[in-house]
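For reference, input_24.txt is printed below; it contains compact mmCIF, C-alpha atoms and all ligand atoms.
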```
# COMPACT_ATOMS: atom_id res chain seq x y z
CA MET K 1198 -49.95 -58.03 -122.87
CA LEU K 1199 -51.17 -61.10 -124.76
CA GLU K 1200 -54.51 -62.25 -123.38
CA PHE K 1201 -56.95 -64.70 -124.89
CA ASN K 1202 -59.49 -67.36 -124.10
CA PHE K 1203 -59.82 -70.37 -126.39
CA ASP K 1204 -62.09 -73.27 -125.53
CA PHE K 1205 -63.15 -75.53 -128.36
CA PRO K 1206 -64.93 -78.82 -127.59
CA THR K 1207 -65.64 -80.25 -131.08
CA GLU K 1208 -63.39 -83.01 -132.39
CA VAL K 1209 -62.77 -82.40 -136.09
CA ILE K 1210 -61.63 -85.13 -138.47
CA HIS K 1211 -61.01 -84.21 -142.10
CA GLY K 1212 -60.20 -86.48 -145.02
CA LYS K 1213 -61.51 -88.65 -147.81
CA ASP K 1214 -63.87 -91.46 -146.70
CA VAL K 1215 -63.86 -89.97 -143.22
CA VAL K 1216 -67.25 -91.49 -142.25
CA GLN K 1217 -66.30 -94.97 -143.36
CA ARG K 1218 -62.91 -94.77 -141.65
CA ASN K 1219 -64.44 -93.56 -138.39
CA ALA K 1220 -67.54 -95.75 -138.31
CA SER K 1221 -66.66 -97.23 -134.93
CA ARG K 1222 -66.59 -93.73 -133.37
CA MET K 1223 -70.41 -93.68 -133.57
CA ASN K 1224 -70.51 -96.21 -130.72
CA GLU K 1225 -69.31 -93.52 -128.32
CA PHE K 1226 -72.68 -91.80 -128.56
CA GLY K 1227 -75.16 -94.65 -128.08
CA ARG K 1228 -77.10 -97.43 -129.80
CA LYS K 1229 -79.88 -95.42 -131.39
CA ALA K 1230 -79.33 -92.52 -133.82
CA LEU K 1231 -81.60 -89.98 -135.46
CA ILE K 1232 -80.32 -88.66 -138.79
CA VAL K 1233 -81.48 -85.08 -139.39
CA THR K 1234 -81.19 -83.80 -142.96
CA GLY K 1235 -82.84 -82.00 -145.88
CA LYS K 1236 -84.72 -83.41 -148.82
CA LYS K 1237 -81.79 -84.19 -151.06
CA SER K 1238 -78.41 -83.03 -149.76
CA ALA K 1239 -77.62 -86.19 -147.79
CA LYS K 1240 -78.65 -88.46 -150.66
CA VAL K 1241 -77.04 -86.74 -153.62
CA SER K 1242 -73.80 -86.03 -151.77
CA GLY K 1243 -73.37 -89.71 -150.89
CA ALA K 1244 -73.10 -88.85 -147.19
CA LEU K 1245 -76.34 -90.61 -146.22
CA GLN K 1246 -75.23 -93.88 -147.80
CA ASP K 1247 -71.90 -93.67 -145.97
CA VAL K 1248 -73.61 -92.97 -142.63
CA GLU K 1249 -76.17 -95.76 -143.09
CA ASN K 1250 -73.35 -98.19 -143.94
CA ALA K 1251 -71.40 -97.07 -140.87
CA LEU K 1252 -74.40 -97.41 -138.53
CA THR K 1253 -75.39 -100.80 -139.95
CA LYS K 1254 -71.81 -102.04 -139.56
CA GLN K 1255 -71.84 -100.95 -135.91
CA LYS K 1256 -75.35 -102.40 -135.37
CA ILE K 1257 -76.65 -98.99 -134.32
CA LYS K 1258 -80.39 -98.50 -134.93
CA TYR K 1259 -81.45 -95.36 -136.75
CA GLN K 1260 -84.29 -93.38 -138.25
CA ILE K 1261 -84.18 -90.46 -140.66
CA PHE K 1262 -85.92 -87.09 -140.38
CA ASP K 1263 -85.34 -85.64 -143.86
CA ARG K 1264 -87.73 -82.72 -143.83
CA VAL K 1265 -85.42 -79.85 -142.84
CA GLU K 1266 -86.16 -76.79 -145.00
CA ASN K 1267 -83.63 -74.23 -146.19
CA ASN K 1268 -83.35 -71.54 -143.48
CA PRO K 1269 -85.46 -73.73 -141.14
CA SER K 1270 -88.38 -72.08 -139.37
CA LEU K 1271 -89.58 -72.58 -135.79
CA LEU K 1272 -92.42 -74.72 -137.18
CA ASN K 1273 -89.98 -76.90 -139.09
CA ILE K 1274 -87.81 -77.33 -135.98
CA THR K 1275 -90.93 -78.22 -133.97
CA ALA K 1276 -91.80 -80.96 -136.48
CA GLY K 1277 -88.28 -82.36 -136.17
CA ALA K 1278 -88.44 -82.21 -132.37
CA GLU K 1279 -91.79 -84.06 -132.27
CA TYR K 1280 -90.37 -86.76 -134.52
CA ALA K 1281 -87.27 -87.02 -132.33
CA ARG K 1282 -89.19 -87.14 -129.04
CA LYS K 1283 -91.25 -90.08 -130.32
CA TYR K 1284 -88.17 -91.99 -131.47
CA ALA K 1285 -86.08 -91.09 -128.39
CA PRO K 1286 -82.58 -91.46 -129.90
CA ASP K 1287 -79.31 -91.51 -127.94
CA PHE K 1288 -77.69 -89.10 -130.38
CA ILE K 1289 -78.27 -87.07 -133.52
CA ILE K 1290 -76.37 -87.09 -136.80
CA GLY K 1291 -76.83 -83.89 -138.82
CA ILE K 1292 -76.03 -84.19 -142.52
CA GLY K 1293 -76.24 -81.29 -144.95
CA GLY K 1294 -75.64 -77.62 -145.31
CA GLY K 1295 -76.07 -75.19 -142.45
CA SER K 1296 -79.84 -75.63 -142.45
CA PRO K 1297 -79.89 -79.33 -141.44
CA LEU K 1298 -76.88 -78.89 -139.13
CA ASP K 1299 -78.53 -75.99 -137.31
CA ALA K 1300 -81.79 -77.97 -137.14
CA ALA K 1301 -79.92 -80.95 -135.67
CA LYS K 1302 -78.54 -78.74 -132.88
CA ALA K 1303 -81.91 -77.16 -132.08
CA ILE K 1304 -83.60 -80.57 -132.06
CA SER K 1305 -80.85 -81.96 -129.81
CA VAL K 1306 -81.88 -79.38 -127.19
CA LEU K 1307 -85.61 -79.88 -127.61
CA VAL K 1308 -85.44 -83.68 -127.19
CA THR K 1309 -84.02 -83.43 -123.69
CA ASN K 1310 -85.87 -80.30 -122.57
CA ASN K 1311 -89.64 -80.06 -122.46
CA ILE K 1312 -89.87 -76.59 -123.97
CA ALA K 1313 -91.39 -75.13 -127.12
CA ALA K 1314 -89.12 -74.15 -130.02
CA ASP K 1315 -89.66 -70.42 -129.45
CA GLU K 1316 -88.32 -70.83 -125.90
CA LEU K 1317 -84.92 -71.87 -127.27
CA PHE K 1318 -83.79 -68.24 -127.51
CA ALA K 1319 -84.03 -67.78 -123.71
CA LEU K 1320 -81.08 -70.23 -123.40
CA ASP K 1321 -82.55 -71.66 -120.20
CA PHE K 1322 -82.02 -75.39 -120.67
CA LYS K 1323 -82.27 -77.61 -117.59
CA ASN K 1324 -80.81 -80.65 -119.35
CA LYS K 1325 -77.84 -81.06 -121.65
CA PRO K 1326 -78.67 -81.59 -125.34
CA LEU K 1327 -78.12 -84.95 -127.01
CA PRO K 1328 -74.68 -85.40 -128.58
CA VAL K 1329 -74.54 -84.25 -132.22
CA VAL K 1330 -72.31 -85.63 -134.97
CA ALA K 1331 -72.13 -83.07 -137.80
CA ILE K 1332 -71.36 -83.93 -141.42
CA PRO K 1333 -71.32 -80.88 -143.71
CA THR K 1334 -72.21 -81.21 -147.40
CA THR K 1335 -71.64 -77.52 -148.21
CA ALA K 1336 -68.45 -75.57 -147.52
CA GLY K 1337 -69.78 -72.38 -146.04
CA THR K 1338 -71.48 -72.10 -142.68
CA GLY K 1339 -68.95 -73.83 -140.44
CA SER K 1340 -71.98 -74.91 -138.41
CA GLU K 1341 -70.26 -78.27 -137.79
CA VAL K 1342 -67.88 -76.47 -135.42
CA THR K 1343 -70.05 -73.75 -133.89
CA GLN K 1344 -72.46 -73.67 -130.97
CA TYR K 1345 -74.94 -71.63 -133.02
CA SER K 1346 -78.25 -72.56 -134.53
CA VAL K 1347 -80.00 -69.99 -136.74
CA ILE K 1348 -83.78 -70.23 -137.03
CA THR K 1349 -86.29 -68.27 -139.11
CA VAL K 1350 -88.84 -66.65 -136.81
CA PRO K 1351 -91.92 -65.31 -138.66
CA GLU K 1352 -93.19 -63.43 -135.57
CA ARG K 1353 -89.98 -61.41 -135.51
CA GLN K 1354 -89.80 -61.27 -139.32
CA THR K 1355 -86.15 -62.29 -139.37
CA LYS K 1356 -83.69 -65.05 -138.57
CA VAL K 1357 -82.50 -65.43 -134.99
CA GLY K 1358 -79.41 -67.27 -133.80
CA PHE K 1359 -78.88 -68.84 -130.40
CA GLY K 1360 -76.24 -71.06 -128.86
CA THR K 1361 -74.76 -72.39 -125.66
CA LYS K 1362 -71.50 -74.09 -124.93
CA ASP K 1363 -73.27 -77.46 -124.73
CA MET K 1364 -74.50 -77.10 -128.31
CA PHE K 1365 -71.14 -77.59 -130.02
CA PRO K 1366 -71.27 -80.82 -132.05
CA ARG K 1367 -69.21 -83.51 -130.34
CA LEU K 1368 -67.72 -84.76 -133.60
CA ALA K 1369 -67.42 -83.09 -137.02
CA LEU K 1370 -66.61 -85.40 -139.93
CA LEU K 1371 -65.35 -83.47 -142.97
CA ASP K 1372 -65.09 -85.00 -146.44
CA GLY K 1373 -64.63 -82.55 -149.32
CA THR K 1374 -66.08 -84.96 -151.87
CA TYR K 1375 -69.60 -84.52 -150.42
CA ALA K 1376 -69.76 -80.97 -151.80
CA GLY K 1377 -68.97 -82.33 -155.30
CA SER K 1378 -72.70 -82.57 -156.07
CA LEU K 1379 -73.28 -78.83 -155.50
CA ASP K 1380 -73.97 -76.67 -158.52
CA SER K 1381 -71.71 -73.68 -159.14
CA THR K 1382 -74.24 -71.17 -157.76
CA ILE K 1383 -74.61 -72.83 -154.34
CA THR K 1384 -70.85 -73.51 -154.32
CA ARG K 1385 -70.19 -69.78 -154.70
CA ASP K 1386 -72.93 -68.62 -152.32
CA THR K 1387 -71.73 -70.94 -149.57
CA ALA K 1388 -68.04 -70.22 -150.18
CA VAL K 1389 -68.80 -66.51 -149.76
CA ASP K 1390 -70.53 -67.26 -146.43
CA ALA K 1391 -67.29 -68.90 -145.26
CA LEU K 1392 -65.35 -65.84 -146.43
CA SER K 1393 -67.71 -63.56 -144.58
CA HIS K 1394 -67.19 -65.50 -141.32
CA LEU K 1395 -63.42 -65.20 -141.74
CA ILE K 1396 -63.58 -61.48 -142.51
CA GLU K 1397 -66.17 -60.62 -139.85
CA SER K 1398 -64.25 -62.50 -137.18
CA TYR K 1399 -61.08 -60.60 -138.09
CA LEU K 1400 -62.97 -57.30 -137.93
CA SER K 1401 -64.69 -58.08 -134.63
CA ARG K 1402 -64.01 -56.43 -131.29
CA ARG K 1403 -63.83 -59.94 -129.89
CA ALA K 1404 -61.06 -61.13 -132.24
CA ASN K 1405 -58.13 -62.56 -130.34
CA PHE K 1406 -54.71 -64.02 -130.99
CA VAL K 1407 -56.05 -67.54 -131.63
CA SER K 1408 -59.16 -66.64 -133.64
CA ASP K 1409 -56.86 -64.54 -135.86
CA ILE K 1410 -54.61 -67.54 -136.51
CA PHE K 1411 -57.59 -69.55 -137.82
CA VAL K 1412 -58.77 -66.58 -139.88
CA GLU K 1413 -55.38 -65.94 -141.46
CA ALA K 1414 -54.96 -69.61 -142.40
CA GLY K 1415 -58.56 -69.76 -143.65
CA LEU K 1416 -58.18 -66.62 -145.78
CA LYS K 1417 -55.03 -68.00 -147.36
CA LEU K 1418 -56.78 -71.26 -148.27
CA TRP K 1419 -59.84 -69.37 -149.55
CA GLY K 1420 -57.60 -67.12 -151.65
CA GLN K 1421 -56.16 -70.18 -153.37
CA CYS K 1422 -59.69 -71.20 -154.46
CA ILE K 1423 -60.58 -67.93 -156.20
CA THR K 1424 -59.54 -68.95 -159.72
CA GLU K 1425 -61.73 -72.07 -159.70
CA LEU K 1426 -64.62 -70.29 -157.95
CA ARG K 1427 -64.52 -67.74 -160.76
CA THR K 1428 -64.76 -70.38 -163.47
CA GLY K 1429 -67.36 -72.37 -161.54
CA VAL K 1430 -65.49 -75.61 -162.24
CA VAL K 1431 -64.27 -76.69 -158.81
CA SER K 1432 -61.90 -79.63 -158.32
CA THR K 1433 -61.98 -81.99 -155.35
CA ALA K 1434 -58.73 -80.49 -154.03
CA THR K 1435 -60.29 -77.02 -154.08
CA ARG K 1436 -63.47 -78.34 -152.44
CA GLU K 1437 -61.28 -79.68 -149.63
CA SER K 1438 -59.60 -76.28 -149.24
CA LEU K 1439 -62.99 -74.55 -149.13
CA LEU K 1440 -64.26 -77.02 -146.54
CA VAL K 1441 -61.24 -76.44 -144.30
CA ALA K 1442 -61.49 -72.65 -144.81
CA SER K 1443 -65.16 -72.86 -143.88
CA CYS K 1444 -64.34 -74.96 -140.81
CA PHE K 1445 -61.69 -72.43 -139.75
CA GLY K 1446 -64.20 -69.63 -140.24
CA GLY K 1447 -66.61 -71.55 -138.00
CA ILE K 1448 -63.97 -72.02 -135.30
CA ALA K 1449 -63.20 -68.30 -135.47
CA ILE K 1450 -66.84 -67.15 -135.17
CA ALA K 1451 -67.46 -69.67 -132.41
CA HIS K 1452 -65.18 -67.36 -130.42
CA THR K 1453 -65.93 -63.93 -131.85
CA GLY K 1454 -69.44 -64.19 -133.29
CA THR K 1455 -70.29 -62.46 -136.56
CA THR K 1456 -70.67 -58.71 -137.05
CA VAL K 1457 -73.13 -56.35 -138.68
CA VAL K 1458 -72.81 -57.99 -142.11
CA HIS K 1459 -74.80 -61.00 -140.87
CA ALA K 1460 -77.30 -58.71 -139.14
CA LEU K 1461 -77.85 -56.79 -142.39
CA GLY K 1462 -77.93 -59.99 -144.45
CA TYR K 1463 -80.77 -61.66 -142.48
CA PRO K 1464 -83.55 -59.32 -143.75
CA LEU K 1465 -82.27 -59.80 -147.31
CA THR K 1466 -82.84 -63.52 -146.84
CA TYR K 1467 -86.09 -63.18 -144.89
CA TYR K 1468 -87.83 -60.61 -147.12
CA HIS K 1469 -86.09 -61.10 -150.46
CA ALA K 1470 -85.16 -64.81 -150.41
CA LEU K 1471 -81.47 -64.22 -151.06
CA PRO K 1472 -79.41 -67.28 -150.09
CA HIS K 1473 -77.54 -66.64 -146.84
CA GLY K 1474 -74.01 -66.45 -148.27
CA ARG K 1475 -75.07 -64.25 -151.19
CA ALA K 1476 -76.81 -61.85 -148.80
CA ASN K 1477 -73.53 -61.39 -146.93
CA GLY K 1478 -71.41 -61.28 -150.07
CA ILE K 1479 -73.18 -58.37 -151.66
CA LEU K 1480 -72.49 -56.27 -148.55
CA MET K 1481 -68.89 -57.26 -147.98
CA ALA K 1482 -67.04 -54.79 -150.21
CA GLU K 1483 -68.87 -51.90 -148.58
CA TYR K 1484 -68.17 -53.38 -145.16
CA LEU K 1485 -64.45 -53.38 -146.01
CA ARG K 1486 -64.76 -49.76 -147.17
CA TYR K 1487 -66.30 -48.82 -143.81
CA ASN K 1488 -63.64 -50.76 -141.90
CA SER K 1489 -60.82 -49.15 -143.84
CA THR K 1490 -61.75 -46.00 -141.90
CA VAL K 1491 -61.50 -47.72 -138.50
CA ALA K 1492 -59.14 -50.69 -139.02
CA LYS K 1493 -57.10 -49.93 -142.12
CA SER K 1494 -54.25 -52.35 -141.46
CA ARG K 1495 -56.62 -55.26 -140.80
CA VAL K 1496 -58.43 -54.61 -144.08
CA GLU K 1497 -55.09 -54.52 -145.89
CA LYS K 1498 -54.08 -57.84 -144.33
CA ILE K 1499 -57.34 -59.42 -145.50
CA LEU K 1500 -56.82 -58.18 -149.06
CA THR K 1501 -53.21 -59.37 -149.10
CA ARG K 1502 -54.17 -62.87 -147.96
CA LEU K 1503 -56.79 -63.01 -150.70
CA ASN K 1504 -54.25 -61.79 -153.29
CA CYS K 1505 -56.43 -58.76 -154.06
CA THR K 1506 -54.47 -55.60 -154.88
CA ASP K 1507 -57.13 -53.29 -153.45
CA ARG K 1508 -60.76 -52.98 -152.33
CA HIS K 1509 -61.91 -52.37 -155.89
CA GLU K 1510 -60.51 -55.70 -157.02
CA PHE K 1511 -62.26 -57.33 -154.07
CA ALA K 1512 -65.55 -55.60 -154.98
CA ALA K 1513 -65.25 -56.86 -158.58
CA LEU K 1514 -64.62 -60.39 -157.28
CA MET K 1515 -67.73 -60.32 -155.07
CA ASP K 1516 -69.72 -58.97 -157.99
CA HIS K 1517 -68.50 -61.81 -160.19
CA LEU K 1518 -69.25 -64.49 -157.58
CA VAL K 1519 -72.52 -63.26 -156.09
CA GLY K 1520 -73.64 -60.39 -158.35
CA HIS K 1521 -77.28 -59.50 -157.80
CA LYS K 1522 -80.18 -57.41 -159.02
CA LEU K 1523 -81.89 -56.70 -155.70
CA GLU K 1524 -83.44 -53.26 -155.43
CA LEU K 1525 -84.61 -51.69 -152.17
CA SER K 1526 -86.59 -48.56 -151.43
CA ASP K 1527 -85.32 -45.89 -149.00
CA GLU K 1528 -87.92 -47.09 -146.45
CA GLN K 1529 -86.68 -50.67 -146.66
CA ILE K 1530 -83.06 -49.57 -146.32
CA ASN K 1531 -83.92 -47.48 -143.27
CA GLU K 1532 -85.93 -50.24 -141.64
CA TYR K 1533 -83.25 -52.93 -142.12
CA ALA K 1534 -80.44 -50.54 -141.14
CA VAL K 1535 -82.05 -49.41 -137.88
CA ALA K 1536 -82.82 -53.00 -136.86
CA ALA K 1537 -79.29 -54.19 -137.70
CA SER K 1538 -77.64 -51.32 -135.82
CA ARG K 1539 -79.39 -52.46 -132.63
CA THR K 1540 -78.10 -56.03 -132.75
CA LYS K 1541 -75.36 -57.63 -130.71
CA ASN K 1542 -73.57 -58.32 -134.01
CA ALA K 1543 -73.39 -54.57 -134.67
CA SER K 1544 -71.94 -53.91 -131.23
CA HIS K 1545 -69.22 -56.48 -131.96
CA SER K 1546 -68.17 -54.61 -135.11
CA LEU K 1547 -65.23 -52.23 -134.97
CA GLY K 1548 -65.80 -48.49 -134.78
CA ASP K 1549 -69.29 -47.21 -134.06
CA VAL K 1550 -71.82 -48.96 -136.27
CA THR K 1551 -74.67 -46.47 -136.16
CA SER K 1552 -77.84 -46.76 -138.19
CA GLN K 1553 -76.29 -44.26 -140.65
CA VAL K 1554 -73.29 -46.56 -141.15
CA CYS K 1555 -75.73 -49.41 -141.89
CA ILE K 1556 -77.74 -47.21 -144.26
CA ASP K 1557 -74.55 -46.32 -146.14
CA ILE K 1558 -73.49 -49.98 -146.40
CA LEU K 1559 -76.90 -51.05 -147.73
CA HIS K 1560 -77.33 -48.01 -149.94
CA ASN K 1561 -73.95 -48.33 -151.61
CA SER K 1562 -74.26 -52.12 -152.00
CA LEU K 1563 -77.74 -52.25 -153.54
CA LYS K 1564 -79.63 -50.68 -156.33
CA GLN K 1565 -82.47 -48.40 -155.28
CA LYS K 1566 -86.06 -48.46 -156.44
P1 LIG P 1601 -78.53 -74.91 -146.91
O1 LIG P 1601 -79.79 -74.10 -146.72
O2 LIG P 1601 -78.21 -75.88 -145.87
O3 LIG P 1601 -78.59 -75.65 -148.32
C1 LIG P 1601 -78.82 -74.93 -149.51
C2 LIG P 1601 -79.24 -75.90 -150.62
O4 LIG P 1601 -78.14 -76.72 -150.99
C3 LIG P 1601 -80.35 -76.87 -150.20
O5 LIG P 1601 -81.28 -76.99 -151.24
C4 LIG P 1601 -79.60 -78.16 -149.96
O6 LIG P 1601 -80.38 -79.32 -150.12
C5 LIG P 1601 -78.54 -78.07 -151.03
N1 LIG P 1601 -77.37 -78.91 -150.75
C6 LIG P 1601 -76.63 -78.98 -149.60
N2 LIG P 1601 -75.56 -79.80 -149.80
C7 LIG P 1601 -75.66 -80.28 -151.07
C8 LIG P 1601 -74.84 -81.14 -151.86
N3 LIG P 1601 -73.70 -81.66 -151.40
N4 LIG P 1601 -75.24 -81.41 -153.13
C9 LIG P 1601 -76.37 -80.83 -153.65
N5 LIG P 1601 -77.17 -80.01 -152.96
C10 LIG P 1601 -76.81 -79.73 -151.68
O7 LIG P 1601 -77.35 -73.87 -147.19
P2 LIG P 1601 -76.11 -73.39 -146.31
O8 LIG P 1601 -75.67 -72.13 -146.93
O9 LIG P 1601 -75.12 -74.47 -146.11
O10 LIG P 1601 -76.76 -73.07 -144.87
C11 LIG P 1601 -77.49 -71.89 -144.67
C12 LIG P 1601 -78.07 -71.89 -143.26
O11 LIG P 1601 -77.01 -71.96 -142.28
C13 LIG P 1601 -78.82 -70.61 -142.98
O12 LIG P 1601 -80.00 -70.89 -142.24
C14 LIG P 1601 -77.83 -69.80 -142.16
O13 LIG P 1601 -78.45 -68.82 -141.35
C15 LIG P 1601 -77.16 -70.88 -141.36
N6 LIG P 1601 -75.84 -70.52 -140.82
C16 LIG P 1601 -75.47 -71.06 -139.64
C17 LIG P 1601 -74.24 -70.76 -139.08
C18 LIG P 1601 -73.84 -71.38 -137.76
O14 LIG P 1601 -72.81 -71.04 -137.20
N7 LIG P 1601 -74.62 -72.28 -137.23
C19 LIG P 1601 -73.35 -69.89 -139.73
C20 LIG P 1601 -73.75 -69.34 -140.94
C21 LIG P 1601 -74.98 -69.68 -141.49
P3 LIG P 1601 -81.46 -79.82 -149.01
O15 LIG P 1601 -82.74 -79.16 -149.41
O16 LIG P 1601 -81.47 -81.27 -149.13
O17 LIG P 1601 -81.00 -79.35 -147.66
FE FE P 1602 -73.13 -67.22 -142.05
```
Go ahead and render the structure in this file as structure tokens.
Amino acid sequence: MLEFNFDFPTEVIHGKDVVQRNASRMNEFGRKALIVTGKKSAKVSGALQDVENALTKQKIKYQIFDRVENNPSLLNITAGAEYARKYAPDFIIGIGGGSPLDAAKAISVLVTNNIAADELFALDFKNKPLPVVAIPTTAGTGSEVTQYSVITVPERQTKVGFGTKDMFPRLALLDGTYAGSLDSTITRDTAVDALSHLIESYLSRRANFVSDIFVEAGLKLWGQCITELRTGVVSTATRESLLVASCFGGIAIAHTGTTVVHALGYPLTYYHALPHGRANGILMAEYLRYNSTVAKSRVEKILTRLNCTDRHEFAALMDHLVGHKLELSDEQINEYAVAASRTKNASHSLGDVTSQVCIDILHNSLKQK
């Protein structure tokens, strides 16, 4: 019997000059906006200029909080929330990669709820968050279409995600040209994050008929970008395909969540400063190897959509795109593996992801000290 549940509240508009062409849509959210972004992404991508022009044209007042760090911490989110509470905006516009977009969502909750940032994870919000308009400048996280916000928590020595249905951005404006200012390294790292969302969603216990449709379309688009990702010279048309693939990956994980790859990747970012997408990418070939023992036909479908003849070709591709020199000791591998095996992400993976499975994935993916 075909059963599924699909509820997706974000309006997505994709195309060139999307902000300029939809300037009047900002009026739906109020007269006073707070732009939340990082140090440079909004400026160098051209997105900030487009948003400022749109807001000025609509006579909407705004201020800019441009201090979001990469992998934002609780402290960083608190600073953004204090800034926002003083300004008291009607809505928030997040511009940037996943870091500013996730910060925008967390801040949107904190402005309307008098709680500390570390209370966000309890998901007990009395009031609805402010509306968020999300404008991605990387093609990777899909955060513009998910309810999730991922925050670095030093007390827990890792990154922690949280999300409620009210946290989906109301509007996602996608313009592939914004990612044109990314260098080839961040382009690849972020593209591999998008790929990992697509693959993890497909290999999740929670995958359903509709999430699979987004994954299959996203994998096909991503597969068409491989040649340019390999060379590092990425055209605007390919950037658009990556952005849509990333968006589809986001829509898929909004329904299924991620799996143990993300849980294993977080300590690699927290302790070893690997960019988020790269952390996932270096584990992915081994994750496919594990899944070929529990979901062979799904793994084959993934490889076919990516035009890879087998897992070895896929492993060589990941190595080319996000090759690494990280070395871990047996103690580190054990520690990260045990923690990852206890996460919700692990329980969403197919088969039985024990700590030994996680040890094998890490061990086979990384060099050892
Ligand atoms: P990011 O941390 O947002 O950005 C990485 C770097 O790229 C930053 O230095 C950023 O500049 C720069 N950058 C962004 N866009 C640019 C552009 N167009 N031109 C030049 N530089 C640009 O990276 P990300 O991979 O997109 O996001 C990673 C975060 O998202 C992690 O915290 C991860 O856990 C989270 N995530 C969230 C979800 C979700 O569903 N919510 C899913 C996966 C991952 P700035 O310093 O100016 O920002
Ligand atoms: Fe991710």
- So which residues are near ligand LIG 1601 (chain P), meaning at most 8 Å away with all atoms listed in the file counted, given back as a ChimeraX atom specification? /K:1234-1242,1263,1265-1269,1293-1299,1333-1349,1356,1358,1375-1380,1383,1386-1387,1390-1391,1394,1447,1450-1451,1463,1472-1474
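Atom pair atom CA of K:Val1330 / atom CA of K:Asp1315: separated by 23.7 Å.
Every protein, DNA or RNA residue with an atom at most 8 Å from K:Arg1403, where all atoms listed in the file count and chain neighbours fewer than 4 positions away do not, is listed here: K:Ser1398, K:His1452, K:Thr1453, K:Gly1454, K:His1545.
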What does the file look like for those residues with C-alpha atoms, as an mmCIF file, in the frame of the given file?
```cif
data_model
loop_
_atom_site.group_PDB
_atom_site.id
_atom_site.type_symbol
_atom_site.label_atom_id
_atom_site.label_comp_id
_atom_site.auth_asym_id
_atom_site.auth_seq_id
_atom_site.Cartn_x
_atom_site.Cartn_y
_atom_site.Cartn_z
ATOM 1 C CA SER K 1398 -64.250 -62.500 -137.180
ATOM 2 C CA HIS K 1452 -65.180 -67.360 -130.420
ATOM 3 C CA THR K 1453 -65.930 -63.930 -131.850
ATOM 4 C CA GLY K 1454 -69.440 -64.190 -133.290
ATOM 5 C CA HIS K 1545 -69.220 -56.480 -131.960
#
```
- Residue nearest K:Ala1513 among K:Ala1543, K:Met1198, K:Ala1482, K:Val1535 (counting all atoms listed in the file): K:Ala1482
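Residue nearest K:Thr1374, chosen from K:Ala1331, K:Val1215, K:Val1412, K:Leu1471 and counting all atoms listed in the file: K:Val1215.
If you measure from each of K:Asn1405, K:Thr1275, K:Gln1217, K:Ser1494 to K:Leu1317 using only C-alpha atoms, the closest one turns out to be K:Thr1275.
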- Polymer residues at most 9 Å from (-75.0, -54.5, -136.4) by only C-alpha atoms, as number ranges by chain: K: 1456-1461, 1534-1546, 1550-1552, 1555
- Task: Write out as a ChimeraX atom specification the residues lying within 12 Å of K:Lys1323, counting only C-alpha atoms and excluding same-chain residues fewer than 2 positions away.
- Result: /K:1306-1312,1317,1319-1321,1325-1326,1363
Quick one: residues within 12 Å of K:Arg1222, all atoms listed in the file, excluding same-chain residues fewer than 4 positions away - as a CSV table (one decimal) with C-alpha atoms, keeping the file's coordinate frame?
```
chain,number,residue,atom,x,y,z
K,1208,GLU,CA,-63.4,-83.0,-132.4
K,1210,ILE,CA,-61.6,-85.1,-138.5
K,1215,VAL,CA,-63.9,-90.0,-143.2
K,1216,VAL,CA,-67.2,-91.5,-142.2
K,1217,GLN,CA,-66.3,-95.0,-143.4
K,1218,ARG,CA,-62.9,-94.8,-141.6
K,1226,PHE,CA,-72.7,-91.8,-128.6
K,1227,GLY,CA,-75.2,-94.6,-128.1
K,1228,ARG,CA,-77.1,-97.4,-129.8
K,1248,VAL,CA,-73.6,-93.0,-142.6
K,1251,ALA,CA,-71.4,-97.1,-140.9
K,1252,LEU,CA,-74.4,-97.4,-138.5
K,1254,LYS,CA,-71.8,-102.0,-139.6
K,1255,GLN,CA,-71.8,-101.0,-135.9
K,1257,ILE,CA,-76.6,-99.0,-134.3
K,1330,VAL,CA,-72.3,-85.6,-135.0
K,1367,ARG,CA,-69.2,-83.5,-130.3
K,1368,LEU,CA,-67.7,-84.8,-133.6
K,1369,ALA,CA,-67.4,-83.1,-137.0
K,1370,LEU,CA,-66.6,-85.4,-139.9
```
- Message: For a quick check of understanding, using all atoms listed in the file, which of K:Val1350, K:Ile1448, K:Val1407, K:Cys1422 has the smallest distance to K:Pro1464?
- Response: K:Val1350
Could you work out an axis-aligned bounding box for all listed atoms of stretch 1415-1422 of chain K, with 4 Å added on each of the six sides, and give its centre and edge lengths in Å to one decimal, as AutoDock Vina command-line options?
```
--center_x -57.4 --center_y -68.9 --center_z -149.1 --size_x 12.8 --size_y 12.6 --size_z 18.8
```
- Item | K:Gly1420 environment, 9 Å, only C-alpha atoms, sequence neighbours closer than 3 positions dropped, as a ChimeraX atom specification | /K:1415-1417,1423-1424,1502-1505
- How far is it from atom CA of K:Ala1301 to atom CA of K:Glu1352, in Å with one decimal? 22.0 Å
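Each of K:Ile1396, K:Ala1404, K:Ala1244, K:Val1519 was checked against ligand FE 1602 (chain P) using all atoms listed in the file; the smallest atom-to-atom distance is that of K:Ile1396.
Here atom CA of K:Asp1516 stands at a distance of 14.8 Å from atom CA of K:Leu1559.
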- Choose the residue, out of K:Glu1483, K:Glu1425, K:Glu1397, K:Asp1549, that has the smallest atom-to-atom separation from ligand FE 1602 (chain P); count all atoms listed in the file. K:Glu1397
